[in-house]
>>> print(open('query23.cif').read())   # mmCIF, C-alpha atoms
data_protein
loop_
_atom_site.group_PDB
_atom_site.id
_atom_site.type_symbol
_atom_site.label_atom_id
_atom_site.label_comp_id
_atom_site.auth_asym_id
_atom_site.auth_seq_id
_atom_site.Cartn_x
_atom_site.Cartn_y
_atom_site.Cartn_z
ATOM 1 C CA VAL H 1 -9.902 9.258 -19.474
ATOM 2 C CA ASN H 2 -7.137 10.981 -21.334
ATOM 3 C CA GLU H 3 -4.996 8.144 -22.687
ATOM 4 C CA ARG H 4 -2.001 10.474 -23.056
ATOM 5 C CA MET H 5 -1.893 10.720 -19.266
ATOM 6 C CA TYR H 6 -0.739 7.087 -19.131
ATOM 7 C CA GLU H 7 1.852 7.193 -21.883
ATOM 8 C CA ILE H 8 5.211 6.496 -20.281
ATOM 9 C CA PRO H 9 8.372 5.695 -22.216
ATOM 10 C CA ILE H 10 8.708 2.167 -20.814
ATOM 11 C CA THR H 11 11.889 1.559 -22.784
ATOM 12 C CA ASN H 12 13.548 4.495 -21.027
ATOM 13 C CA LEU H 13 12.444 3.175 -17.654
ATOM 14 C CA LYS H 14 13.796 -0.273 -18.433
ATOM 15 C CA MET H 15 17.144 1.171 -19.432
ATOM 16 C CA GLN H 16 17.360 3.037 -16.115
ATOM 17 C CA ASN H 17 16.432 -0.031 -14.050
ATOM 18 C CA THR H 18 18.862 -1.780 -11.815
ATOM 19 C CA ASP H 19 18.161 -5.494 -11.581
ATOM 20 C CA ILE H 20 19.415 -6.994 -8.334
ATOM 21 C CA GLU H 21 18.882 -10.132 -6.337
ATOM 22 C CA THR H 22 18.188 -9.988 -2.629
ATOM 23 C CA GLU H 23 19.753 -12.383 -0.136
ATOM 24 C CA ASP H 24 16.752 -14.699 -0.564
ATOM 25 C CA LYS H 25 17.301 -14.682 -4.364
ATOM 26 C CA GLN H 26 14.221 -12.576 -5.186
ATOM 27 C CA GLN H 27 14.489 -10.392 -8.277
ATOM 28 C CA VAL H 28 13.913 -6.698 -7.498
ATOM 29 C CA TYR H 29 13.192 -4.010 -10.064
ATOM 30 C CA THR H 30 13.383 -0.324 -9.255
ATOM 31 C CA THR H 31 13.752 2.883 -11.196
ATOM 32 C CA ASN H 32 17.032 4.107 -9.695
ATOM 33 C CA ALA H 33 19.585 3.387 -7.004
ATOM 34 C CA GLU H 34 18.220 6.073 -4.639
ATOM 35 C CA ASP H 35 14.704 4.592 -4.738
ATOM 36 C CA GLN H 36 16.126 1.078 -4.383
ATOM 37 C CA THR H 37 18.000 2.135 -1.235
ATOM 38 C CA ALA H 38 14.967 3.963 0.159
ATOM 39 C CA VAL H 39 12.656 0.982 -0.444
ATOM 40 C CA LYS H 40 15.108 -1.337 1.339
ATOM 41 C CA ALA H 41 15.376 1.102 4.262
ATOM 42 C CA LEU H 42 11.579 1.307 4.493
ATOM 43 C CA LYS H 43 11.219 -2.491 4.459
ATOM 44 C CA ASP H 44 13.957 -2.807 7.115
ATOM 45 C CA ARG H 45 12.287 -0.151 9.287
ATOM 46 C CA ILE H 46 8.910 -1.889 9.069
ATOM 47 C CA ALA H 47 10.464 -5.249 9.966
ATOM 48 C CA ALA H 48 12.430 -3.812 12.893
ATOM 49 C CA ASP H 49 9.425 -1.911 14.245
ATOM 50 C CA SER H 50 7.165 -4.953 13.994
ATOM 51 C CA ALA H 51 9.741 -7.160 15.710
ATOM 52 C CA SER H 52 10.258 -4.708 18.566
ATOM 53 C CA ARG H 53 6.526 -4.381 19.202
ATOM 54 C CA SER H 54 5.454 -7.971 18.553
ATOM 55 C CA SER H 55 5.620 -8.849 22.236
ATOM 56 C CA SER H 56 3.443 -5.912 23.333
ATOM 57 C CA ARG H 57 0.723 -5.468 20.749
ATOM 58 C CA THR H 58 -1.855 -4.091 23.176
ATOM 59 C CA THR H 59 -0.606 -0.501 23.309
ATOM 60 C CA PRO H 60 -0.459 1.855 20.315
ATOM 61 C CA LYS H 61 2.411 4.362 20.182
ATOM 62 C CA ASP H 62 -0.059 7.161 20.966
ATOM 63 C CA SER H 63 -0.881 6.096 24.527
ATOM 64 C CA ASN H 64 -2.838 9.339 25.145
ATOM 65 C CA ASN H 65 -5.494 8.106 22.704
ATOM 66 C CA LYS H 66 -8.241 6.818 25.023
ATOM 67 C CA GLU H 67 -10.447 5.422 22.261
ATOM 68 C CA TRP H 68 -8.600 3.541 19.540
ATOM 69 C CA LYS H 69 -9.990 3.914 16.021
ATOM 70 C CA PRO H 70 -9.006 1.733 13.074
ATOM 71 C CA VAL H 71 -7.242 3.269 10.083
ATOM 72 C CA PRO H 72 -9.513 3.431 7.007
ATOM 73 C CA SER H 73 -8.821 0.604 4.564
ATOM 74 C CA VAL H 74 -8.988 2.881 1.508
ATOM 75 C CA ILE H 75 -7.208 6.239 1.207
ATOM 76 C CA ILE H 76 -6.957 7.216 -2.463
ATOM 77 C CA ALA H 77 -6.509 10.554 -4.196
ATOM 78 C CA ASN H 78 -8.658 11.754 -7.102
ATOM 79 C CA GLY H 79 -6.877 11.409 -10.446
ATOM 80 C CA ALA H 80 -4.233 8.915 -11.600
ATOM 81 C CA HIS H 81 -1.561 8.176 -9.002
ATOM 82 C CA LYS H 82 0.815 5.486 -7.796
ATOM 83 C CA TYR H 83 -0.711 3.192 -5.198
ATOM 84 C CA VAL H 84 0.317 0.378 -2.866
ATOM 85 C CA LEU H 85 -1.484 -2.549 -1.270
ATOM 86 C CA ILE H 86 -0.504 -3.020 2.377
ATOM 87 C CA THR H 87 -1.392 -5.608 4.984
ATOM 88 C CA ALA H 88 -1.091 -5.184 8.761
ATOM 89 C CA GLN H 89 -2.341 -6.717 11.994
ATOM 90 C CA GLU H 90 -4.603 -4.655 14.199
ATOM 91 C CA PRO H 91 -3.470 -4.078 17.779
ATOM 92 C CA VAL H 92 -5.204 -6.145 20.434
ATOM 93 C CA HIS H 93 -7.052 -4.031 22.977
ATOM 94 C CA GLY H 94 -8.053 -4.968 26.476
ATOM 95 C CA THR H 95 -6.491 -8.426 26.471
ATOM 96 C CA GLU H 96 -4.024 -9.609 29.019
ATOM 97 C CA GLU H 97 -1.009 -11.740 28.212
ATOM 98 C CA GLY H 98 -2.085 -15.346 27.871
ATOM 99 C CA GLY H 99 -5.588 -14.178 26.961
ATOM 100 C CA GLY H 100 -6.502 -17.566 25.567
ATOM 101 C CA ALA H 101 -7.691 -18.752 22.179
ATOM 102 C CA ALA H 102 -9.815 -15.669 21.470
ATOM 103 C CA ALA H 103 -6.805 -13.360 21.876
ATOM 104 C CA ALA H 104 -4.635 -15.596 19.694
ATOM 105 C CA GLU H 105 -7.310 -15.670 16.989
ATOM 106 C CA GLU H 106 -7.684 -11.896 17.141
ATOM 107 C CA GLU H 107 -3.913 -11.459 16.847
ATOM 108 C CA SER H 108 -3.782 -13.546 13.688
ATOM 109 C CA ALA H 109 -6.346 -11.392 11.827
ATOM 110 C CA SER H 110 -4.864 -9.110 9.185
ATOM 111 C CA SER H 111 -6.349 -6.120 7.401
ATOM 112 C CA TYR H 112 -5.666 -4.874 3.892
ATOM 113 C CA PHE H 113 -5.143 -1.230 2.978
ATOM 114 C CA VAL H 114 -5.150 0.489 -0.416
ATOM 115 C CA THR H 115 -3.560 3.918 -0.628
ATOM 116 C CA SER H 116 -2.500 6.345 -3.331
ATOM 117 C CA LYS H 117 -0.929 9.748 -2.947
ATOM 118 C CA TYR H 118 -1.117 12.818 -5.122
ATOM 119 C CA GLY H 119 2.367 13.753 -6.319
ATOM 120 C CA ALA H 120 4.077 10.495 -5.256
ATOM 121 C CA HIS H 121 7.195 10.201 -7.430
ATOM 122 C CA TYR H 122 7.826 6.637 -6.290
ATOM 123 C CA HIS H 123 5.586 3.981 -4.780
ATOM 124 C CA ARG H 124 7.410 4.315 -1.452
ATOM 125 C CA ASN H 125 6.154 7.932 -1.362
ATOM 126 C CA ALA H 126 2.600 6.563 -1.497
ATOM 127 C CA ALA H 127 3.363 3.916 1.143
ATOM 128 C CA GLU H 128 5.236 5.937 3.785
ATOM 129 C CA PRO H 129 2.383 8.160 5.086
ATOM 130 C CA LEU H 130 0.076 5.173 5.591
ATOM 131 C CA ILE H 131 2.813 3.054 7.157
ATOM 132 C CA ASP H 132 3.530 5.884 9.621
ATOM 133 C CA ARG H 133 -0.182 6.148 10.440
ATOM 134 C CA LEU H 134 -0.497 2.389 10.930
ATOM 135 C CA GLU H 135 2.544 2.347 13.232
ATOM 136 C CA MET H 136 1.199 5.276 15.262
ATOM 137 C CA SER H 137 -2.114 3.415 15.637
ATOM 138 C CA GLY H 138 -0.382 0.284 16.945
ATOM 139 C CA TYR H 139 -0.629 -1.988 13.901
ATOM 140 C CA THR H 140 2.124 -4.594 13.534
ATOM 141 C CA ASN H 141 3.405 -6.995 10.888
ATOM 142 C CA ILE H 142 3.042 -4.258 8.282
ATOM 143 C CA GLN H 143 3.947 -5.389 4.772
ATOM 144 C CA VAL H 144 3.779 -3.653 1.422
ATOM 145 C CA LEU H 145 2.443 -6.387 -0.863
ATOM 146 C CA GLY H 146 2.994 -4.501 -4.118
ATOM 147 C CA GLY H 147 1.879 -1.497 -6.070
ATOM 148 C CA GLY H 148 0.590 -0.099 -9.309
ATOM 149 C CA ARG H 149 -1.554 2.847 -10.285
ATOM 150 C CA ILE H 150 -5.093 3.855 -9.488
ATOM 151 C CA PHE H 151 -7.175 6.265 -11.518
ATOM 152 C CA LEU H 152 -10.036 7.620 -9.384
ATOM 153 C CA ASP H 153 -12.638 9.561 -11.382
ATOM 154 C CA ASP H 154 -15.150 10.880 -8.848
ATOM 155 C CA ASP H 155 -17.183 12.724 -11.513
ATOM 156 C CA ASN H 156 -17.917 9.537 -13.473
ATOM 157 C CA LYS H 157 -17.745 7.202 -10.444
ATOM 158 C CA LYS H 158 -15.018 5.028 -11.940
ATOM 159 C CA ILE H 159 -11.861 3.544 -10.500
ATOM 160 C CA SER H 160 -9.233 1.794 -12.641
ATOM 161 C CA ILE H 161 -6.444 -0.224 -11.014
ATOM 162 C CA PHE H 162 -3.472 -1.224 -13.171
ATOM 163 C CA GLY H 163 0.291 -1.500 -13.581
ATOM 164 C CA TYR H 164 3.046 -2.385 -11.133
ATOM 165 C CA SER H 165 5.724 -0.983 -8.860
ATOM 166 C CA TYR H 166 9.412 -1.421 -9.613
ATOM 167 C CA GLY H 167 10.267 -1.163 -5.899
ATOM 168 C CA PHE H 168 7.536 -3.376 -4.388
ATOM 169 C CA GLY H 169 6.417 -5.515 -7.339
ATOM 170 C CA ARG H 170 2.907 -5.886 -8.733
ATOM 171 C CA ALA H 171 0.073 -5.727 -6.227
ATOM 172 C CA ASP H 172 -2.723 -8.260 -6.454
ATOM 173 C CA HIS H 173 -5.153 -5.843 -8.104
ATOM 174 C CA LEU H 174 -8.079 -8.213 -7.495
ATOM 175 C CA ILE H 175 -7.554 -7.837 -3.737
ATOM 176 C CA SER H 176 -7.287 -4.057 -4.145
ATOM 177 C CA GLN H 177 -10.531 -4.058 -6.158
ATOM 178 C CA LYS H 178 -12.350 -6.028 -3.444
ATOM 179 C CA ILE H 179 -11.075 -3.734 -0.671
ATOM 180 C CA ILE H 180 -12.271 -0.662 -2.571
ATOM 181 C CA GLN H 181 -15.646 -2.219 -3.416
ATOM 182 C CA ALA H 182 -16.172 -3.058 0.269
ATOM 183 C CA ASP H 183 -15.723 0.610 1.213
ATOM 184 C CA GLU H 184 -19.139 2.270 1.550
ATOM 185 C CA ARG H 185 -17.843 5.483 -0.093
ATOM 186 C CA PHE H 186 -17.253 3.635 -3.374
ATOM 187 C CA LYS H 187 -20.288 1.317 -3.454
ATOM 188 C CA ASP H 188 -21.723 2.966 -6.603
ATOM 189 C CA TYR H 189 -18.387 3.120 -8.442
ATOM 190 C CA ASP H 190 -17.370 0.933 -11.371
ATOM 191 C CA VAL H 191 -14.084 -0.565 -10.127
ATOM 192 C CA THR H 192 -11.962 -2.378 -12.724
ATOM 193 C CA TRP H 193 -8.417 -3.738 -12.774
ATOM 194 C CA SER H 194 -5.804 -4.867 -15.265
ATOM 195 C CA ASN H 195 -2.187 -6.013 -15.106
ATOM 196 C CA ASP H 196 -1.419 -3.917 -18.197
ATOM 197 C CA GLY H 197 0.613 -0.723 -18.144
ATOM 198 C CA TYR H 198 3.050 0.739 -15.672
#
>>> encode(input="query23.cif", output="structure tokens")
Amino acid sequence: VNERMYEIPITNLKMQNTDIETEDKQQVYTTNAEDQTAVKALKDRIAADSASRSSSRTTPKDSNNKEWKPVPSVIIANGAHKYVLITAQEPVHGTEEGGGAAAAEEESASSYFVTSKYGAHYHRNAAEPLIDRLEMSGYTNIQVLGGGRIFLDDDNKKISIFGYSYGFGRADHLISQKIIQADERFKDYDVTWSNDGY
């Protein structure tokens, strides 16, 4: 791993930050006003979409899709890139309204997703393609839990998870590690995490 790849002038980033408080008094850190606005718009869109579809979770947006397939839980690009940890509820298939305890239990199950994107300037750029895919597949209650960076080294079978996102906060890297380790494609990889770095 080339250490120079990770050198980022943190002091410059901190000087560019805008610290704000949301209505619920949470501190939010982001790299610039444009990203801050875009992250808020993305969060609002996710919330509005989930609310509008919460009453009819049995039908994905793509109603022509006869056989529903789950979205892969890990979609990461080779190299060092920004990543996000997302949670969402799978759509319920073949259940009628008032489907009983089994349907209610199925509705309460959430899935985690880890995604990175080559060339993502901001963490929202890593999140948006997966959020769109989840929405198109009928997932609801989508939430970006945080972000950081992932370095995927396919040649040496190593994955390093570290850092944080100014827009979404720090992801729980331990959860991200477990999701990646559970993916059959990465079973022989050495997956490590740290809260250090940006």
>>> residues_near_point(input="query23.cif", point="(1.3, -1.1, -13.4)", cutoff="10 Å", atoms="all atoms listed in the file", output="MDAnalysis selection string")
chainID H and resid 82:83 147:150 161:166 169:171 173 194:198
>>> write_last_selection(input="query23.cif", atoms="C-alpha atoms", output="PDB file, in the coordinates of the input")
ATOM      1  CA  LYS H  82       0.815   5.486  -7.796  1.00  0.00           C
ATOM      2  CA  TYR H  83      -0.711   3.192  -5.198  1.00  0.00           C
ATOM      3  CA  GLY H 147       1.879  -1.497  -6.070  1.00  0.00           C
ATOM      4  CA  GLY H 148       0.590  -0.099  -9.309  1.00  0.00           C
ATOM      5  CA  ARG H 149      -1.554   2.847 -10.285  1.00  0.00           C
ATOM      6  CA  ILE H 150      -5.093   3.855  -9.488  1.00  0.00           C
ATOM      7  CA  ILE H 161      -6.444  -0.224 -11.014  1.00  0.00           C
ATOM      8  CA  PHE H 162      -3.472  -1.224 -13.171  1.00  0.00           C
ATOM      9  CA  GLY H 163       0.291  -1.500 -13.581  1.00  0.00           C
ATOM     10  CA  TYR H 164       3.046  -2.385 -11.133  1.00  0.00           C
ATOM     11  CA  SER H 165       5.724  -0.983  -8.860  1.00  0.00           C
ATOM     12  CA  TYR H 166       9.412  -1.421  -9.613  1.00  0.00           C
ATOM     13  CA  GLY H 169       6.417  -5.515  -7.339  1.00  0.00           C
ATOM     14  CA  ARG H 170       2.907  -5.886  -8.733  1.00  0.00           C
ATOM     15  CA  ALA H 171       0.073  -5.727  -6.227  1.00  0.00           C
ATOM     16  CA  HIS H 173      -5.153  -5.843  -8.104  1.00  0.00           C
ATOM     17  CA  SER H 194      -5.804  -4.867 -15.265  1.00  0.00           C
ATOM     18  CA  ASN H 195      -2.187  -6.013 -15.106  1.00  0.00           C
ATOM     19  CA  ASP H 196      -1.419  -3.917 -18.197  1.00  0.00           C
ATOM     20  CA  GLY H 197       0.613  -0.723 -18.144  1.00  0.00           C
ATOM     21  CA  TYR H 198       3.050   0.739 -15.672  1.00  0.00           C
TER      22      TYR H 198
END
>>> residues_near_point(input="query23.cif", point="(-12.2, -1.1, -11.7)", cutoff="7 Å", atoms="only C-alpha atoms", output="mmCIF file with C-alpha atoms, keeping the file's coordinate frame")
data_model
loop_
_atom_site.group_PDB
_atom_site.id
_atom_site.type_symbol
_atom_site.label_atom_id
_atom_site.label_comp_id
_atom_site.auth_asym_id
_atom_site.auth_seq_id
_atom_site.Cartn_x
_atom_site.Cartn_y
_atom_site.Cartn_z
ATOM 1 C CA LYS H 158 -15.018 5.028 -11.940
ATOM 2 C CA ILE H 159 -11.861 3.544 -10.500
ATOM 3 C CA SER H 160 -9.233 1.794 -12.641
ATOM 4 C CA ILE H 161 -6.444 -0.224 -11.014
ATOM 5 C CA GLN H 177 -10.531 -4.058 -6.158
ATOM 6 C CA ASP H 190 -17.370 0.933 -11.371
ATOM 7 C CA VAL H 191 -14.084 -0.565 -10.127
ATOM 8 C CA THR H 192 -11.962 -2.378 -12.724
ATOM 9 C CA TRP H 193 -8.417 -3.738 -12.774
#
>>> atom_distance(input="query23.cif", atom1="atom CA of H:Asn125", atom2="atom CA of H:Ala38")
9.8 Å
>>> resolve_selection(input="query23.cif", expression="the PyMOL selection byres ((chain H and resi 89) around 10)", output="NGL selection string")
:H and (50 or 57 or 87-88 or 90-92 or 106-112 or 134 or 138-143)
>>> atom_distance(input="query23.cif", atom1="atom CA of H:Asp49", atom2="atom CA of H:Val71")
17.9 Å
>>> resolve_selection(input="query23.cif", expression="the PyMOL selection byres ((chain H and resi 131) around 9)", output="count of residues only")
14
>>> decode(input="query23.cif", residues="stretch 95-172 of chain H", atoms="C-alpha atoms", output="mmCIF file, in the first residue's frame")
data_model
loop_
_atom_site.group_PDB
_atom_site.id
_atom_site.type_symbol
_atom_site.label_atom_id
_atom_site.label_comp_id
_atom_site.auth_asym_id
_atom_site.auth_seq_id
_atom_site.Cartn_x
_atom_site.Cartn_y
_atom_site.Cartn_z
ATOM 1 C CA THR H 95 -47.971 -11.522 1.177
ATOM 2 C CA GLU H 96 -51.380 -10.008 1.432
ATOM 3 C CA GLU H 97 -52.245 -7.118 3.707
ATOM 4 C CA GLY H 98 -52.775 -8.409 7.218
ATOM 5 C CA GLY H 99 -50.531 -11.376 6.428
ATOM 6 C CA GLY H 100 -50.093 -12.193 10.089
ATOM 7 C CA ALA H 101 -47.075 -12.487 12.347
ATOM 8 C CA ALA H 102 -44.810 -14.004 9.685
ATOM 9 C CA ALA H 103 -45.336 -11.016 7.371
ATOM 10 C CA ALA H 104 -44.746 -8.552 10.209
ATOM 11 C CA GLU H 105 -41.538 -10.346 11.192
ATOM 12 C CA GLU H 106 -40.349 -10.368 7.587
ATOM 13 C CA GLU H 107 -41.077 -6.643 7.271
ATOM 14 C CA SER H 108 -38.950 -5.833 10.300
ATOM 15 C CA ALA H 109 -35.816 -7.537 8.901
ATOM 16 C CA SER H 110 -33.155 -5.146 7.641
ATOM 17 C CA SER H 111 -30.146 -5.758 5.427
ATOM 18 C CA TYR H 112 -26.799 -3.988 5.435
ATOM 19 C CA PHE H 113 -24.964 -2.866 2.311
ATOM 20 C CA VAL H 114 -21.362 -1.740 1.836
ATOM 21 C CA THR H 115 -20.546 0.181 -1.323
ATOM 22 C CA SER H 116 -17.657 2.200 -2.699
ATOM 23 C CA LYS H 117 -17.379 3.930 -6.034
ATOM 24 C CA TYR H 118 -14.383 4.675 -8.192
ATOM 25 C CA GLY H 119 -14.053 8.431 -8.673
ATOM 26 C CA ALA H 120 -16.568 9.434 -5.965
ATOM 27 C CA HIS H 121 -15.647 12.994 -4.959
ATOM 28 C CA TYR H 122 -18.005 12.916 -1.987
ATOM 29 C CA HIS H 123 -19.543 10.086 0.007
ATOM 30 C CA ARG H 124 -22.971 10.918 -1.430
ATOM 31 C CA ASN H 125 -21.513 10.056 -4.865
ATOM 32 C CA ALA H 126 -20.764 6.567 -3.527
ATOM 33 C CA ALA H 127 -24.216 6.283 -1.925
ATOM 34 C CA GLU H 128 -26.500 7.525 -4.719
ATOM 35 C CA PRO H 129 -26.098 4.658 -7.247
ATOM 36 C CA LEU H 130 -26.819 2.015 -4.603
ATOM 37 C CA ILE H 131 -29.729 3.970 -3.137
ATOM 38 C CA ASP H 132 -31.247 4.240 -6.632
ATOM 39 C CA ARG H 133 -30.783 0.495 -7.154
ATOM 40 C CA LEU H 134 -32.336 -0.322 -3.778
ATOM 41 C CA GLU H 135 -35.331 1.923 -4.517
ATOM 42 C CA MET H 136 -35.808 0.360 -7.957
ATOM 43 C CA SER H 137 -35.749 -3.094 -6.328
ATOM 44 C CA GLY H 138 -38.450 -2.126 -3.822
ATOM 45 C CA TYR H 139 -36.372 -1.727 -0.657
ATOM 46 C CA THR H 140 -37.707 0.741 1.918
ATOM 47 C CA ASN H 141 -36.487 2.471 5.068
ATOM 48 C CA ILE H 142 -33.158 3.137 3.369
ATOM 49 C CA GLN H 143 -30.641 4.880 5.615
ATOM 50 C CA VAL H 144 -27.024 5.842 5.108
ATOM 51 C CA LEU H 145 -25.450 4.939 8.454
ATOM 52 C CA GLY H 146 -22.085 6.576 7.773
ATOM 53 C CA GLY H 147 -19.032 6.366 5.603
ATOM 54 C CA GLY H 148 -15.287 6.193 5.379
ATOM 55 C CA ARG H 149 -12.820 4.719 2.935
ATOM 56 C CA ILE H 150 -12.149 1.219 1.721
ATOM 57 C CA PHE H 151 -8.926 0.049 0.137
ATOM 58 C CA LEU H 152 -9.548 -3.147 -1.855
ATOM 59 C CA ASP H 153 -6.349 -4.870 -3.007
ATOM 60 C CA ASP H 154 -7.446 -7.850 -5.100
ATOM 61 C CA ASP H 155 -3.850 -8.851 -5.937
ATOM 62 C CA ASN H 156 -2.894 -9.316 -2.276
ATOM 63 C CA LYS H 157 -6.415 -10.243 -1.097
ATOM 64 C CA LYS H 158 -6.590 -7.436 1.451
ATOM 65 C CA ILE H 159 -9.308 -4.982 2.360
ATOM 66 C CA SER H 160 -8.737 -2.044 4.726
ATOM 67 C CA ILE H 161 -11.684 -0.046 6.077
ATOM 68 C CA PHE H 162 -10.960 3.299 7.742
ATOM 69 C CA GLY H 163 -11.811 6.977 8.137
ATOM 70 C CA TYR H 164 -15.121 8.822 8.143
ATOM 71 C CA SER H 165 -17.516 10.874 6.055
ATOM 72 C CA TYR H 166 -18.087 14.561 6.718
ATOM 73 C CA GLY H 167 -21.596 14.352 5.223
ATOM 74 C CA PHE H 168 -22.845 11.097 6.801
ATOM 75 C CA GLY H 169 -20.546 10.650 9.809
ATOM 76 C CA ARG H 170 -18.359 7.660 10.631
ATOM 77 C CA ALA H 171 -19.709 4.263 9.640
ATOM 78 C CA ASP H 172 -19.479 1.407 12.105
#
